[in-house]
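Before any comments, here is the structure.
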Amino acid sequence: STLFPYTTLFRSRDTYKLYGSLAHTIIVNGDEDAEIRVVLDDAEIVGDSAAAIVGLAGKSLTIAATEGTENLLSDSGKSQYNGVVYSSIPVILSGNGEVKIEGRQEGGKGITTNKAGIRLESGKYTISAKSDGLCATSGGTVEFVGGKYYIDADGDGVKAKDDVIISGGNTFILSGGTSIDAGYKVTGGILVATGNGTVNAPKGDSTQKAVAVEYKEEFGKKS
């Protein structure tokens with residue numbers, strides 16, 4: 001179904017297509033077996049007092065961008081949720097278009113999940129936040145399978161309670177903290193990550209070769 005821009009609550013239908021500008025919050029509250037898919041088609045969603053998208057219940061929440069479109073998800077800078085996308089169910093990023101996820105709130109994250117994982121499958125996503133970029137610290141794995149991801153976070157780039165698994169895609173992380181704050185395994189794809197925090201090398205069972213470099217002093221300054 002296609003929804004015109006207004007505040008809406010998604011309960012049980014499988015796919016919702018959004019376009020145009022919306023200054024409210026998309027709330028996903030589905031049945032426990034509902035695999036809800038939100039398709040962005042040149043959409044601009046800015047939560048006025050909450051996150052742009054909130055996943056309350058369901059089996060999974062997929063955010064996908066239509067090929068050839070540019071889309072924006074953002075908070076207003078005063079969200080009651082700690083992220084542009086906040087979800088208690090697994091979040092999947094996919095599609096063939098482009099999505100900017102722009103966190104404007106101090107201490108806010110790009111995408112954060114509560115007792116659920118994050119899976120990045122396809123599309124081009126640019127994620128910026130004043131805290132962490134991707135966060136699944138209360139339970140869940142962050143998986144990079146395919147697509148292109150640019151994460152610019154003032155805090156940690158990617159943070160997870162369980163593992164971070166990178167098997168494909170191109171991922172670029174610029175962080176003010178630790179680039180990947182978790183044990184992580186790399187078996188494919190391209191990963192370039194920088195940060196001001198501790199450098200964590202990939203796990204020993206990673207099959208992709210990696211170079212981890214830690215500088216003891218800032219450019220032009222002694223530590």
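Lettering and numbering for the structure tokens are positional, with chains as A, B, ... in the shown order, residues counted from 1 in each chain, and ligands counted from 1 in the shown order.
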### Who sits within 9 Å of Thr126 in chain A, only C-alpha atoms, same chain under 3 positions skipped, as a PyMOL selection string
chain A and resi 98-102+148-152
### Task
Would you list the contacts of Gln80 in chain A as a count of residues only, taking every protein, DNA or RNA residue within 9 Å and counting only C-alpha atoms, but skipping same-chain residues closer than 2 positions in sequence?
6
### Message
Could you list, as a list of chain:residue names, every residue within 6 Å of range 131-140 of chain A, counting only C-alpha atoms and ignoring same-chain residues fewer than 5 positions away?
### Response
A:Gly107, A:Gly108, A:Lys109, A:Gly110, A:Ile111, A:Thr112, A:Thr113, A:Asn114, A:Lys115, A:Ala116, A:Gly117, A:Ala153, A:Asp154, A:Gly155, A:Asp156, A:Gly157, A:Val158, A:Lys159, A:Ala160, A:Lys161, A:Asp162
Suppose we keep all heavy atoms; can you now write the selection as a compact mmCIF listing (two decimals), in the first residue's frame?
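Result file follows (again-v7.txt):
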# COMPACT_ATOMS: atom_id res chain seq x y z
N GLY A 107 23.99 13.28 22.04
CA GLY A 107 23.96 11.98 22.69
C GLY A 107 23.11 10.97 21.96
O GLY A 107 22.95 9.83 22.43
N GLY A 108 22.54 11.34 20.82
CA GLY A 108 21.67 10.44 20.07
C GLY A 108 22.44 9.58 19.09
O GLY A 108 23.52 9.94 18.62
N LYS A 109 21.87 8.43 18.75
CA LYS A 109 22.51 7.47 17.85
C LYS A 109 21.84 7.47 16.48
O LYS A 109 20.75 8.01 16.32
CB LYS A 109 22.45 6.07 18.48
CG LYS A 109 23.17 5.99 19.83
CD LYS A 109 22.91 4.67 20.51
CE LYS A 109 23.74 4.51 21.77
NZ LYS A 109 23.42 5.53 22.80
N GLY A 110 22.50 6.84 15.52
CA GLY A 110 21.91 6.70 14.19
C GLY A 110 20.81 5.65 14.21
O GLY A 110 19.63 5.96 14.04
N ILE A 111 21.21 4.40 14.41
CA ILE A 111 20.25 3.30 14.56
C ILE A 111 20.59 2.58 15.85
O ILE A 111 21.73 2.19 16.08
CB ILE A 111 20.34 2.31 13.39
CG1 ILE A 111 20.02 3.00 12.06
CG2 ILE A 111 19.39 1.13 13.61
CD1 ILE A 111 20.17 2.10 10.86
N THR A 112 19.60 2.39 16.71
CA THR A 112 19.82 1.67 17.95
C THR A 112 18.70 0.66 18.17
O THR A 112 17.54 0.94 17.89
CB THR A 112 19.92 2.64 19.15
OG1 THR A 112 20.21 1.91 20.34
CG2 THR A 112 18.64 3.44 19.34
N THR A 113 19.08 -0.54 18.62
CA THR A 113 18.09 -1.59 18.85
C THR A 113 18.14 -2.04 20.30
O THR A 113 19.17 -1.98 20.97
CB THR A 113 18.35 -2.82 17.95
OG1 THR A 113 19.68 -3.29 18.16
CG2 THR A 113 18.15 -2.47 16.49
N ASN A 114 17.00 -2.49 20.77
CA ASN A 114 16.85 -2.97 22.14
C ASN A 114 16.58 -4.46 22.10
O ASN A 114 15.52 -4.89 21.67
CB ASN A 114 15.70 -2.22 22.83
CG ASN A 114 15.48 -2.69 24.25
OD1 ASN A 114 16.38 -3.18 24.90
ND2 ASN A 114 14.25 -2.54 24.72
N LYS A 115 17.57 -5.26 22.48
CA LYS A 115 17.46 -6.73 22.49
C LYS A 115 17.17 -7.27 21.10
O LYS A 115 16.37 -8.20 20.94
CB LYS A 115 16.39 -7.18 23.49
CG LYS A 115 16.70 -6.79 24.93
CD LYS A 115 15.63 -7.27 25.88
CE LYS A 115 15.95 -6.84 27.31
NZ LYS A 115 14.91 -7.26 28.27
N ALA A 116 17.78 -6.68 20.09
CA ALA A 116 17.59 -7.13 18.70
C ALA A 116 18.83 -6.78 17.89
O ALA A 116 19.65 -5.97 18.31
CB ALA A 116 16.36 -6.48 18.09
N GLY A 117 18.97 -7.40 16.73
CA GLY A 117 20.14 -7.19 15.89
C GLY A 117 19.88 -6.23 14.75
O GLY A 117 18.75 -5.77 14.52
N ALA A 153 30.41 9.11 13.15
CA ALA A 153 29.84 9.19 14.49
C ALA A 153 30.79 9.92 15.43
O ALA A 153 32.00 9.67 15.42
CB ALA A 153 29.55 7.79 15.02
N ASP A 154 30.23 10.80 16.27
CA ASP A 154 31.05 11.45 17.29
C ASP A 154 31.45 10.46 18.38
O ASP A 154 32.48 10.63 19.04
CB ASP A 154 30.29 12.62 17.91
CG ASP A 154 30.11 13.77 16.94
OD1 ASP A 154 30.71 13.74 15.85
OD2 ASP A 154 29.34 14.71 17.26
N GLY A 155 30.64 9.44 18.60
CA GLY A 155 30.95 8.38 19.56
C GLY A 155 31.57 7.20 18.83
O GLY A 155 32.41 7.37 17.94
N ASP A 156 31.17 5.98 19.20
CA ASP A 156 31.66 4.78 18.53
C ASP A 156 30.96 4.61 17.18
O ASP A 156 29.79 4.96 17.03
CB ASP A 156 31.42 3.55 19.39
CG ASP A 156 32.19 3.60 20.70
OD1 ASP A 156 33.27 4.21 20.74
OD2 ASP A 156 31.71 3.01 21.69
N GLY A 157 31.69 4.04 16.22
CA GLY A 157 31.09 3.82 14.91
C GLY A 157 30.02 2.74 14.95
O GLY A 157 28.87 2.96 14.58
N VAL A 158 30.41 1.56 15.40
CA VAL A 158 29.50 0.42 15.54
C VAL A 158 29.72 -0.18 16.93
O VAL A 158 30.86 -0.45 17.32
CB VAL A 158 29.76 -0.66 14.45
CG1 VAL A 158 28.79 -1.83 14.63
CG2 VAL A 158 29.62 -0.06 13.06
N LYS A 159 28.63 -0.43 17.64
CA LYS A 159 28.72 -0.99 18.99
C LYS A 159 27.71 -2.12 19.10
O LYS A 159 26.56 -1.97 18.70
CB LYS A 159 28.43 0.09 20.03
CG LYS A 159 28.54 -0.39 21.47
CD LYS A 159 28.22 0.72 22.45
CE LYS A 159 29.35 1.73 22.52
NZ LYS A 159 29.14 2.72 23.62
N ALA A 160 28.16 -3.26 19.65
CA ALA A 160 27.26 -4.40 19.80
C ALA A 160 27.61 -5.19 21.04
O ALA A 160 28.79 -5.31 21.40
CB ALA A 160 27.32 -5.30 18.57
N LYS A 161 26.59 -5.74 21.69
CA LYS A 161 26.83 -6.63 22.83
C LYS A 161 27.38 -7.95 22.33
O LYS A 161 28.29 -8.52 22.93
CB LYS A 161 25.54 -6.84 23.60
CG LYS A 161 25.72 -7.73 24.83
CD LYS A 161 24.43 -7.88 25.61
CE LYS A 161 24.64 -8.77 26.84
NZ LYS A 161 23.39 -8.95 27.60
N ASP A 162 26.82 -8.46 21.24
CA ASP A 162 27.32 -9.68 20.62
C ASP A 162 28.30 -9.28 19.51
O ASP A 162 28.79 -8.17 19.48
CB ASP A 162 26.16 -10.51 20.09
CG ASP A 162 25.22 -10.97 21.21
OD1 ASP A 162 25.71 -11.16 22.34
OD2 ASP A 162 24.02 -11.12 20.95
### Task
Fewer than 5 positions away in the same chain doesn't count, so skip those; otherwise give me all residues within 6 Å of Ser122 in chain A, counting only C-alpha atoms, as a count of residues only.
4
#### Entry: Residue nearest Gly77 in chain A among A:Leu56, A:Ala129, A:Val186, A:Ile92 (counting only C-alpha atoms)
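For Gly77 in chain A, the nearest of the given residues is A:Ala129.
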### Task
Just the residues within 10 Å of Ile53 in chain A, please, counting only C-alpha atoms, with nothing from its chain fewer than 6 positions along; format it as an MDAnalysis selection string.
chainID A and resid 24:28 38 45:47 61 63 73:75 81 83:87 111
Kindly export the residues of the current selection with C-alpha atoms, as a compact mmCIF listing (two decimals), in the first residue's frame.
# COMPACT_ATOMS: atom_id res chain seq x y z
CA HIS A 24 6.17 13.03 12.41
CA THR A 25 7.12 9.50 13.45
CA ILE A 26 6.52 6.17 11.71
CA ILE A 27 5.54 3.62 14.39
CA VAL A 28 5.73 -0.10 13.64
CA VAL A 38 9.02 0.22 4.84
CA ILE A 45 10.93 11.77 7.37
CA VAL A 46 11.89 13.95 10.34
CA GLY A 47 10.48 12.97 13.72
CA LEU A 61 11.49 -4.24 10.37
CA ILE A 63 13.91 -0.30 5.65
CA LEU A 73 15.56 9.95 7.96
CA SER A 74 16.26 12.31 10.85
CA ASP A 75 15.20 13.38 14.32
CA TYR A 81 14.07 7.95 21.74
CA GLY A 83 18.18 7.26 17.87
CA VAL A 84 16.90 8.24 14.43
CA VAL A 85 15.73 4.64 14.08
CA TYR A 86 14.89 2.98 17.40
CA SER A 87 13.65 -0.60 17.44
CA ILE A 111 20.25 3.30 14.56
### Query
DSSP on the backbone: what in range 19-58 of chain A comes out strand (DSSP E or B), as a list of chain:residue names?
A:Tyr19, A:Gly20, A:Ser21, A:Leu22, A:Ile26, A:Ile27, A:Val28, A:Asn29, A:Glu35, A:Ile36, A:Arg37, A:Val38, A:Val39, A:Leu40, A:Asp41, A:Asp42, A:Ala43, A:Glu44, A:Ile45, A:Val46, A:Gly47, A:Ile53, A:Val54, A:Gly55, A:Leu56, A:Ala57
Atoms to include: N, CA and C atoms. Write the selected residues as a PDB file, in the first residue's frame.
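Ended up saving to result_12.pdb:
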ATOM      1  N   TYR A  19       6.535   8.343   0.376  1.00  0.00           N
ATOM      2  CA  TYR A  19       7.183   9.374  -0.437  1.00  0.00           C
ATOM      3  C   TYR A  19       6.723  10.735   0.060  1.00  0.00           C
ATOM      4  N   GLY A  20       7.475  11.775  -0.291  1.00  0.00           N
ATOM      5  CA  GLY A  20       7.131  13.113   0.161  1.00  0.00           C
ATOM      6  C   GLY A  20       7.742  13.406   1.520  1.00  0.00           C
ATOM      7  N   SER A  21       7.323  14.505   2.132  1.00  0.00           N
ATOM      8  CA  SER A  21       7.878  14.960   3.404  1.00  0.00           C
ATOM      9  C   SER A  21       6.917  14.679   4.549  1.00  0.00           C
ATOM     10  N   LEU A  22       7.482  14.242   5.663  1.00  0.00           N
ATOM     11  CA  LEU A  22       6.688  13.909   6.844  1.00  0.00           C
ATOM     12  C   LEU A  22       7.418  14.415   8.085  1.00  0.00           C
ATOM     13  N   ILE A  26       7.099   7.422  12.186  1.00  0.00           N
ATOM     14  CA  ILE A  26       6.519   6.172  11.713  1.00  0.00           C
ATOM     15  C   ILE A  26       6.648   5.157  12.844  1.00  0.00           C
ATOM     16  N   ILE A  27       5.523   4.593  13.294  1.00  0.00           N
ATOM     17  CA  ILE A  27       5.535   3.622  14.391  1.00  0.00           C
ATOM     18  C   ILE A  27       5.142   2.252  13.842  1.00  0.00           C
ATOM     19  N   VAL A  28       5.989   1.267  14.074  1.00  0.00           N
ATOM     20  CA  VAL A  28       5.725  -0.099  13.637  1.00  0.00           C
ATOM     21  C   VAL A  28       5.348  -0.919  14.862  1.00  0.00           C
ATOM     22  N   ASN A  29       4.126  -1.429  14.868  1.00  0.00           N
ATOM     23  CA  ASN A  29       3.624  -2.203  15.998  1.00  0.00           C
ATOM     24  C   ASN A  29       2.841  -3.383  15.456  1.00  0.00           C
ATOM     25  N   GLU A  35       6.488  -9.455   9.279  1.00  0.00           N
ATOM     26  CA  GLU A  35       7.736  -8.976   8.685  1.00  0.00           C
ATOM     27  C   GLU A  35       7.407  -7.699   7.916  1.00  0.00           C
ATOM     28  N   ILE A  36       7.526  -6.568   8.583  1.00  0.00           N
ATOM     29  CA  ILE A  36       7.062  -5.301   8.024  1.00  0.00           C
ATOM     30  C   ILE A  36       8.191  -4.630   7.248  1.00  0.00           C
ATOM     31  N   ARG A  37       7.841  -4.177   6.051  1.00  0.00           N
ATOM     32  CA  ARG A  37       8.814  -3.584   5.132  1.00  0.00           C
ATOM     33  C   ARG A  37       8.392  -2.142   4.825  1.00  0.00           C
ATOM     34  N   VAL A  38       9.261  -1.187   5.131  1.00  0.00           N
ATOM     35  CA  VAL A  38       9.018   0.219   4.842  1.00  0.00           C
ATOM     36  C   VAL A  38       9.886   0.613   3.650  1.00  0.00           C
ATOM     37  N   VAL A  39       9.245   0.938   2.545  1.00  0.00           N
ATOM     38  CA  VAL A  39       9.954   1.284   1.309  1.00  0.00           C
ATOM     39  C   VAL A  39       9.966   2.799   1.153  1.00  0.00           C
ATOM     40  N   LEU A  40      11.151   3.378   1.046  1.00  0.00           N
ATOM     41  CA  LEU A  40      11.315   4.821   0.886  1.00  0.00           C
ATOM     42  C   LEU A  40      11.471   5.156  -0.592  1.00  0.00           C
ATOM     43  N   ASP A  41      10.642   6.079  -1.068  1.00  0.00           N
ATOM     44  CA  ASP A  41      10.645   6.442  -2.486  1.00  0.00           C
ATOM     45  C   ASP A  41      10.706   7.974  -2.585  1.00  0.00           C
ATOM     46  N   ASP A  42      11.937   8.528  -2.486  1.00  0.00           N
ATOM     47  CA  ASP A  42      12.141   9.980  -2.391  1.00  0.00           C
ATOM     48  C   ASP A  42      11.363  10.540  -1.201  1.00  0.00           C
ATOM     49  N   ALA A  43      11.606   9.950  -0.045  1.00  0.00           N
ATOM     50  CA  ALA A  43      10.918  10.338   1.182  1.00  0.00           C
ATOM     51  C   ALA A  43      11.854  11.109   2.112  1.00  0.00           C
ATOM     52  N   GLU A  44      11.286  12.057   2.850  1.00  0.00           N
ATOM     53  CA  GLU A  44      12.008  12.807   3.870  1.00  0.00           C
ATOM     54  C   GLU A  44      11.184  12.752   5.146  1.00  0.00           C
ATOM     55  N   ILE A  45      11.669  11.975   6.134  1.00  0.00           N
ATOM     56  CA  ILE A  45      10.931  11.769   7.370  1.00  0.00           C
ATOM     57  C   ILE A  45      11.756  12.326   8.525  1.00  0.00           C
ATOM     58  N   VAL A  46      11.216  13.331   9.203  1.00  0.00           N
ATOM     59  CA  VAL A  46      11.891  13.954  10.341  1.00  0.00           C
ATOM     60  C   VAL A  46      10.956  13.869  11.540  1.00  0.00           C
ATOM     61  N   GLY A  47      11.307  13.071  12.528  1.00  0.00           N
ATOM     62  CA  GLY A  47      10.476  12.968  13.718  1.00  0.00           C
ATOM     63  C   GLY A  47      10.449  14.291  14.459  1.00  0.00           C
ATOM     64  N   ILE A  53      11.696   6.613  12.796  1.00  0.00           N
ATOM     65  CA  ILE A  53      11.010   5.321  12.736  1.00  0.00           C
ATOM     66  C   ILE A  53      11.223   4.609  14.061  1.00  0.00           C
ATOM     67  N   VAL A  54      10.135   4.101  14.641  1.00  0.00           N
ATOM     68  CA  VAL A  54      10.190   3.357  15.895  1.00  0.00           C
ATOM     69  C   VAL A  54       9.592   1.972  15.660  1.00  0.00           C
ATOM     70  N   GLY A  55      10.344   0.930  15.951  1.00  0.00           N
ATOM     71  CA  GLY A  55       9.850  -0.432  15.842  1.00  0.00           C
ATOM     72  C   GLY A  55       9.480  -0.964  17.218  1.00  0.00           C
ATOM     73  N   LEU A  56       8.189  -1.101  17.487  1.00  0.00           N
ATOM     74  CA  LEU A  56       7.741  -1.552  18.802  1.00  0.00           C
ATOM     75  C   LEU A  56       7.567  -3.063  18.869  1.00  0.00           C
ATOM     76  N   ALA A  57       6.935  -3.655  17.851  1.00  0.00           N
ATOM     77  CA  ALA A  57       6.656  -5.088  17.888  1.00  0.00           C
ATOM     78  C   ALA A  57       6.559  -5.626  16.472  1.00  0.00           C
TER      79      ALA A  57
END
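Interatomic distance, CA of Tyr16 in chain A against CA of Ala52 in chain A: 15.0 Å.
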